[in-house]
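Worksheet: one structure, shown below.
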Amino acid sequence: MWNYWKTIFALCFLQGINSKYSIFSDPLLLSRTFKTDNSTVYEYRTEYFEVPLDHFSFAVNHTFKLRYLINDTWHQGKDAPIFFYTGNEGFIEVFAQNTGFMWDIATDFDALLVFAEHRYYGKSRPFENETYYSDPKYMGYLNSEQALADFVELISYLKTKPNMKNSPVIVFGGSYGGMLSAWLRMKYPHVVQGAIASSAPILQFTGHTDCAEFAKIVTSDFRRANPTCPTLIKQSWATLTNITSTDEGLKWLSENWNFCTPLANANAVNFVKRWLELIYDYLAMVDYPYETNFLTPLPANPVAEACKHLDNATLTDKDLLLSVFKAISVFTNYTGATKCNSFLDPAPQLGATYWSYQACTEIIMPLCTNGITDMFEPSTWDEEMFSKSCYNAYKVRPQFNRACKLYGCSDLSAASNIVFSNGLLDPWSGGGVKENVSSTAVAYIIPDAAHHLELRSENRKDSLNVREARNFQRASIDKWIKQYHDMISNKPTPF
């Protein structure tokens, strides 16, 4: 669901806005490693497919090459299924290497594996001239509707092969990719036979999910690890303000928190606070039960590891801030290789440069904090300020209700053949579908899972709940494939 794509956190930095306007972020984008936790390297061919820049107009003839990754190792027989990953906001290799569930079950279904990159990200760039990406005229083709149409074009192309004419297509996605997989099934049910939509916050929009829910879940995760931990974090905000109110305090924090650039003034401290908030958010999102190198190298159960440094309720002043630094170092420097901390970027950017554009136009997910149900300083969601910051950055205005108008939020009863899976440790589960919306579009809750954990490869430390979630998804996929083949075999022959 975050810095690398330049969220409103980045917009705030550019424009000096002093509020928390964090928006959707996706941890899948934050890892360059192409190894799973079992040191498996997944192999694929890289292909390109030409798609229209604008699928919905006859006036624009520009095309570009969309990248996709493909593996046919287990694909055999006639009309075997296509497992299709709907790419998120970043390099598609990252998703291919961190969605081990698809690889694990491909052999069971003789499936063709395809991972499609999202337009404007990775190497699927519509324009070679970099200056075009600062012009609203050229950026306007970056949206989910166009991306879904790209995927439909690619699927249609794959099915032109004689042995794949009647291949059922099952789409997979996590986070924003999970939103896309659900929306693809909803909008194009004649193209896609089923969707696994993991950690897909398709209800995280104005009027459908409380903006404070995300922070509430983050806080609950920390409280689960140690009740003292969120209490000390909440206390640390005022302590941070007090300590840095003098030049001596700014110098002390800069040195003891090992910042690459010394803090100059109180405004810089505000960005340190935003940096801390993002780290706490990330830790909650990827609170996996085993070591990962996902956002960054992390230990097993990273929230609990961080909270080990915040278990003494008597901590105050500089001692408290030193303990906070030890806690966040679980995220920033687990391996000990980090030379210094840049408070503007708690995780590396991986090709998601233009996510903040999408977050300023159509994928607008309000987040706020209240300091009551969460461990953060209060920060309101202000649509007017948000709109102003987006206009200053991109010369565009947000369409706050666009996603719900296009895909539905209040009424999803027409949706079918979708598994909406959500782990309750995941802060984005607050905006996820947690109740069945139709007889075949069902919610699956995983009480002890973080952000799209069940889409990762199997691990011996996975809980029984996670294993059962994967079994349910396997069974759903098997049912959808059989239903499709039955429909095809019973279809009347045209005159």
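Labeling convention for the structure tokens: chains A, B, ... as they appear, residues from 1 per chain, ligands from 1 in order of appearance.
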Those of region 94-252 of chain A in DSSP alpha helix (DSSP H), formatted as a PyMOL selection string: chain A and resi 94-97+100-109+136-139+144-158+176-187+213-225+228-243+247-252
Picked from region 322-428 of chain A by DSSP as strand (DSSP E or B), as a PyMOL selection string: chain A and resi 341+369+379+418-423
May I have the residues from that selection written out with all heavy atoms, as a PDB file, in the first residue's frame?
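Output (again12.pdb):
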ATOM      1  N   ASN A 341      20.650   7.662   8.399  1.00  0.00           N
ATOM      2  CA  ASN A 341      19.216   7.672   8.118  1.00  0.00           C
ATOM      3  C   ASN A 341      18.796   8.944   7.406  1.00  0.00           C
ATOM      4  O   ASN A 341      19.143  10.041   7.833  1.00  0.00           O
ATOM      5  CB  ASN A 341      18.426   7.553   9.422  1.00  0.00           C
ATOM      6  CG  ASN A 341      18.558   6.194  10.051  1.00  0.00           C
ATOM      7  OD1 ASN A 341      18.354   5.179   9.396  1.00  0.00           O
ATOM      8  ND2 ASN A 341      18.917   6.162  11.326  1.00  0.00           N
ATOM      9  N   THR A 369      -5.591  10.570  11.829  1.00  0.00           N
ATOM     10  CA  THR A 369      -5.311  10.048  13.161  1.00  0.00           C
ATOM     11  C   THR A 369      -6.017  10.936  14.187  1.00  0.00           C
ATOM     12  O   THR A 369      -6.263  12.113  13.925  1.00  0.00           O
ATOM     13  CB  THR A 369      -3.795  10.039  13.436  1.00  0.00           C
ATOM     14  OG1 THR A 369      -3.261  11.359  13.193  1.00  0.00           O
ATOM     15  CG2 THR A 369      -3.074   9.069  12.505  1.00  0.00           C
ATOM     16  N   SER A 379      -4.309  14.231  13.457  1.00  0.00           N
ATOM     17  CA  SER A 379      -4.146  14.845  12.141  1.00  0.00           C
ATOM     18  C   SER A 379      -5.414  14.592  11.344  1.00  0.00           C
ATOM     19  O   SER A 379      -5.801  13.437  11.134  1.00  0.00           O
ATOM     20  CB  SER A 379      -2.930  14.264  11.415  1.00  0.00           C
ATOM     21  OG  SER A 379      -2.806  14.807  10.122  1.00  0.00           O
ATOM     22  N   ILE A 418     -15.179 -14.066  -6.739  1.00  0.00           N
ATOM     23  CA  ILE A 418     -14.063 -13.323  -6.169  1.00  0.00           C
ATOM     24  C   ILE A 418     -13.863 -13.785  -4.724  1.00  0.00           C
ATOM     25  O   ILE A 418     -14.832 -13.940  -3.978  1.00  0.00           O
ATOM     26  CB  ILE A 418     -14.315 -11.801  -6.162  1.00  0.00           C
ATOM     27  CG1 ILE A 418     -14.616 -11.288  -7.564  1.00  0.00           C
ATOM     28  CG2 ILE A 418     -13.103 -11.053  -5.587  1.00  0.00           C
ATOM     29  CD1 ILE A 418     -15.050  -9.822  -7.601  1.00  0.00           C
ATOM     30  N   VAL A 419     -12.619 -14.015  -4.345  1.00  0.00           N
ATOM     31  CA  VAL A 419     -12.275 -14.205  -2.941  1.00  0.00           C
ATOM     32  C   VAL A 419     -11.581 -12.939  -2.467  1.00  0.00           C
ATOM     33  O   VAL A 419     -10.506 -12.586  -2.950  1.00  0.00           O
ATOM     34  CB  VAL A 419     -11.356 -15.418  -2.723  1.00  0.00           C
ATOM     35  CG1 VAL A 419     -10.926 -15.488  -1.251  1.00  0.00           C
ATOM     36  CG2 VAL A 419     -12.058 -16.710  -3.111  1.00  0.00           C
ATOM     37  N   PHE A 420     -12.236 -12.223  -1.545  1.00  0.00           N
ATOM     38  CA  PHE A 420     -11.640 -11.058  -0.901  1.00  0.00           C
ATOM     39  C   PHE A 420     -11.006 -11.534   0.411  1.00  0.00           C
ATOM     40  O   PHE A 420     -11.718 -11.780   1.392  1.00  0.00           O
ATOM     41  CB  PHE A 420     -12.704 -10.005  -0.588  1.00  0.00           C
ATOM     42  CG  PHE A 420     -13.311  -9.351  -1.791  1.00  0.00           C
ATOM     43  CD1 PHE A 420     -14.576  -9.736  -2.239  1.00  0.00           C
ATOM     44  CD2 PHE A 420     -12.650  -8.342  -2.470  1.00  0.00           C
ATOM     45  CE1 PHE A 420     -15.161  -9.120  -3.341  1.00  0.00           C
ATOM     46  CE2 PHE A 420     -13.227  -7.723  -3.566  1.00  0.00           C
ATOM     47  CZ  PHE A 420     -14.473  -8.113  -4.012  1.00  0.00           C
ATOM     48  N   SER A 421      -9.694 -11.685   0.428  1.00  0.00           N
ATOM     49  CA  SER A 421      -9.034 -12.157   1.643  1.00  0.00           C
ATOM     50  C   SER A 421      -8.362 -10.993   2.353  1.00  0.00           C
ATOM     51  O   SER A 421      -7.728 -10.140   1.720  1.00  0.00           O
ATOM     52  CB  SER A 421      -8.003 -13.236   1.311  1.00  0.00           C
ATOM     53  OG  SER A 421      -7.088 -12.786   0.326  1.00  0.00           O
ATOM     54  N   ASN A 422      -8.517 -10.966   3.668  1.00  0.00           N
ATOM     55  CA  ASN A 422      -7.921  -9.902   4.478  1.00  0.00           C
ATOM     56  C   ASN A 422      -7.362 -10.476   5.772  1.00  0.00           C
ATOM     57  O   ASN A 422      -8.050 -11.195   6.497  1.00  0.00           O
ATOM     58  CB  ASN A 422      -8.959  -8.832   4.823  1.00  0.00           C
ATOM     59  CG  ASN A 422      -9.213  -7.878   3.673  1.00  0.00           C
ATOM     60  OD1 ASN A 422      -8.419  -6.983   3.416  1.00  0.00           O
ATOM     61  ND2 ASN A 422     -10.338  -8.080   2.990  1.00  0.00           N
ATOM     62  N   GLY A 423      -6.102 -10.133   6.052  1.00  0.00           N
ATOM     63  CA  GLY A 423      -5.512 -10.454   7.340  1.00  0.00           C
ATOM     64  C   GLY A 423      -5.803  -9.328   8.309  1.00  0.00           C
ATOM     65  O   GLY A 423      -5.632  -8.148   7.975  1.00  0.00           O
TER      66      GLY A 423
END
Contact residues around region 361-363 of chain A with only C-alpha atoms at 6 Å, ignoring same-chain residues under 2 positions, as a VMD selection string: chain A and resid 358 to 359 398 to 399 402
So that I have them on file, write out the residues from the current selection with N, CA and C atoms, as a short mmCIF file (atom, residue, chain, number, x, y, z; two decimals), in the first residue's frame.
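Output contents, as saved in part-v9.cif:
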data_model
loop_
_atom_site.label_atom_id
_atom_site.label_comp_id
_atom_site.auth_asym_id
_atom_site.auth_seq_id
_atom_site.Cartn_x
_atom_site.Cartn_y
_atom_site.Cartn_z
N GLN A 358 -1.70 9.01 -9.29
CA GLN A 358 -2.94 8.24 -9.18
C GLN A 358 -3.65 8.54 -7.87
N ALA A 359 -2.86 8.70 -6.81
CA ALA A 359 -3.45 8.99 -5.51
C ALA A 359 -4.01 10.40 -5.44
N PRO A 398 -8.40 16.21 -7.52
CA PRO A 398 -8.90 14.87 -7.19
C PRO A 398 -10.37 14.71 -7.54
N GLN A 399 -10.73 13.51 -7.99
CA GLN A 399 -12.13 13.12 -8.14
C GLN A 399 -12.41 12.11 -7.03
N ARG A 402 -14.59 8.94 -7.69
CA ARG A 402 -14.45 8.31 -9.00
C ARG A 402 -14.41 6.78 -8.92
#
Against region 161-172 of chain A, which residues of region 32-117 of chain A fall within 6 Å? For each one I want the closest pair of atoms and the distance in Å (one decimal), counting only C-alpha atoms, rows by chain and increasing residue number, as CSV.
residue,atom,partner,partner_atom,distance
A:Lys78,CA,A:Asn163,CA,4.8
A:Asp79,CA,A:Ser167,CA,4.1
A:Ala80,CA,A:Ser167,CA,5.3
A:Pro81,CA,A:Pro168,CA,4.8
A:Ile82,CA,A:Val169,CA,4.8
A:Phe83,CA,A:Ile170,CA,5.1
A:Phe84,CA,A:Val171,CA,4.7
A:Tyr85,CA,A:Phe172,CA,4.8
Convert the current residue selection to file output with C-alpha atoms, as a compact mmCIF listing (two decimals), in the first residue's frame.
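Result written to out.txt:
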# COMPACT_ATOMS: atom_id res chain seq x y z
CA LYS A 78 -5.56 -27.99 -24.32
CA ASP A 79 -7.36 -25.08 -22.66
CA ALA A 80 -5.33 -25.25 -19.46
CA PRO A 81 -5.84 -22.22 -17.21
CA ILE A 82 -4.02 -18.92 -17.31
CA PHE A 83 -2.99 -17.52 -13.92
CA PHE A 84 -2.64 -13.79 -14.46
CA TYR A 85 -1.19 -11.30 -11.96
Please produce, as a Markdown table, a per-residue contact table for region 184-277 of chain A versus region 310-332 of chain A (criterion: any atom at most 7 Å away, only C-alpha atoms considered), showing the nearest atom pair and its distance in Å to one decimal, sorted by chain then residue number.
| residue | atom | partner | partner_atom | distance |
| --- | --- | --- | --- | --- |
| A:Asn226 | CA | A:Asp311 | CA | 6.9 |
| A:Thr228 | CA | A:Asp311 | CA | 5.5 |
| A:Cys229 | CA | A:Leu310 | CA | 5.0 |
| A:Leu232 | CA | A:Leu310 | CA | 6.7 |
| A:Ser236 | CA | A:Leu321 | CA | 6.8 |
| A:Thr239 | CA | A:Asp317 | CA | 5.9 |
| A:Trp257 | CA | A:Phe325 | CA | 6.3 |
Exercise: Ile445 (chain A) partners within 10 Å, only C-alpha atoms, chain neighbours under 3 positions left out, as a list of chain:residue names: A:Phe420, A:Ser421, A:Asn422, A:Gly423, A:Leu424, A:Ser429, A:Val433, A:Lys434, A:Glu435, A:Val442, A:Asp448, A:Ala449, A:Asn465, A:Val466, A:Ala469
Output of the above residues as an mmCIF file, in the first residue's frame, restricted to C-alpha atoms:
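Result went into out-v5.cif, see below:
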data_model
loop_
_atom_site.group_PDB
_atom_site.id
_atom_site.type_symbol
_atom_site.label_atom_id
_atom_site.label_comp_id
_atom_site.auth_asym_id
_atom_site.auth_seq_id
_atom_site.Cartn_x
_atom_site.Cartn_y
_atom_site.Cartn_z
ATOM 1 C CA PHE A 420 -11.640 -11.058 -0.901
ATOM 2 C CA SER A 421 -9.034 -12.157 1.643
ATOM 3 C CA ASN A 422 -7.921 -9.902 4.478
ATOM 4 C CA GLY A 423 -5.512 -10.454 7.340
ATOM 5 C CA LEU A 424 -6.648 -8.626 10.447
ATOM 6 C CA SER A 429 -8.016 -4.548 6.114
ATOM 7 C CA VAL A 433 -14.341 -6.429 2.034
ATOM 8 C CA LYS A 434 -14.953 -8.412 5.218
ATOM 9 C CA GLU A 435 -18.463 -9.687 4.560
ATOM 10 C CA VAL A 442 -16.933 -13.998 -0.609
ATOM 11 C CA ASP A 448 -3.290 -13.543 12.359
ATOM 12 C CA ALA A 449 -2.026 -12.418 8.928
ATOM 13 C CA ASN A 465 -5.151 -19.956 9.474
ATOM 14 C CA VAL A 466 -2.889 -18.915 6.594
ATOM 15 C CA ALA A 469 -6.828 -19.570 3.535
#
Atomic distance CA of Phe127 (chain A) - CA of Gly177 (chain A), expressed in Å with one decimal: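 Result for CA of Phe127 (chain A) versus CA of Gly177 (chain A): 23.0 Å, one decimal.
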Contact residues around region 300-306 of chain A with only C-alpha atoms at 6 Å, ignoring same-chain residues under 4 positions, as a list in words: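 My reading of the contact set: Ala225, Leu283, Asp287, Tyr288, Pro289, Tyr290, Glu291, Ala327 and Val330 of chain A.
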Exercise: Cys260 (chain A) partners within 9 Å, only C-alpha atoms, chain neighbours under 3 positions left out, as a VMD selection string: chain A and resid 254 339 to 343
Proximity to Ser199 (chain A) - best of A:Cys404, A:Ala441, A:Ala415, A:Leu425, only C-alpha atoms: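 Between A:Cys404, A:Ala441, A:Ala415, A:Leu425, the residue approaching Ser199 (chain A) most closely is A:Leu425.
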One-decimal distance in Å that lies between CA of His190 (chain A) and CA of Tyr44 (chain A): 27.4 Å
Atomic distance CA of Leu253 (chain A) - CA of Ile233 (chain A), expressed in Å with one decimal: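 CA of Ile233 (chain A) lies 16.3 Å from CA of Leu253 (chain A).
The closest residue to Ile70 (chain A), picked from A:Gln483, A:Ala111, A:Asn98, A:Asp54 and counting only C-alpha atoms, is A:Ala111.
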Residues near Gly122 (chain A), cut-off 12 Å, only C-alpha atoms, skip fewer than 4 positions along chain, as a ChimeraX atom specification: /A:5,29,65-68,87-95,116-118,126,349-355
Store the residues of this selection in a file with C-alpha atoms, as a compact mmCIF listing (two decimals), in the first residue's frame.
# COMPACT_ATOMS: atom_id res chain seq x y z
CA TRP A 5 6.03 6.21 -5.03
CA LEU A 29 7.15 -2.43 -4.39
CA LYS A 65 4.88 -1.67 -25.26
CA LEU A 66 3.52 -3.23 -22.09
CA ARG A 67 5.91 -5.60 -20.38
CA TYR A 68 4.87 -8.96 -18.99
CA GLY A 87 0.53 -5.64 -11.72
CA ASN A 88 0.75 -2.94 -9.06
CA GLU A 89 2.48 0.41 -9.08
CA GLY A 90 6.06 -0.71 -9.70
CA PHE A 91 8.47 -3.15 -11.31
CA ILE A 92 6.66 -6.36 -12.22
CA GLU A 93 9.64 -8.53 -11.27
CA VAL A 94 9.01 -7.68 -7.63
CA PHE A 95 5.49 -9.07 -7.78
CA ALA A 116 1.55 -8.10 -16.34
CA GLU A 117 3.16 -4.77 -15.58
CA HIS A 118 1.00 -1.72 -14.90
CA PRO A 126 4.26 5.16 -22.79
CA GLN A 349 11.93 3.69 -4.26
CA LEU A 350 11.33 1.00 -6.85
CA GLY A 351 9.87 2.51 -9.97
CA ALA A 352 6.58 3.75 -8.53
CA THR A 353 7.33 7.39 -9.21
CA TYR A 354 3.84 8.23 -10.44
CA TRP A 355 1.74 6.60 -7.76
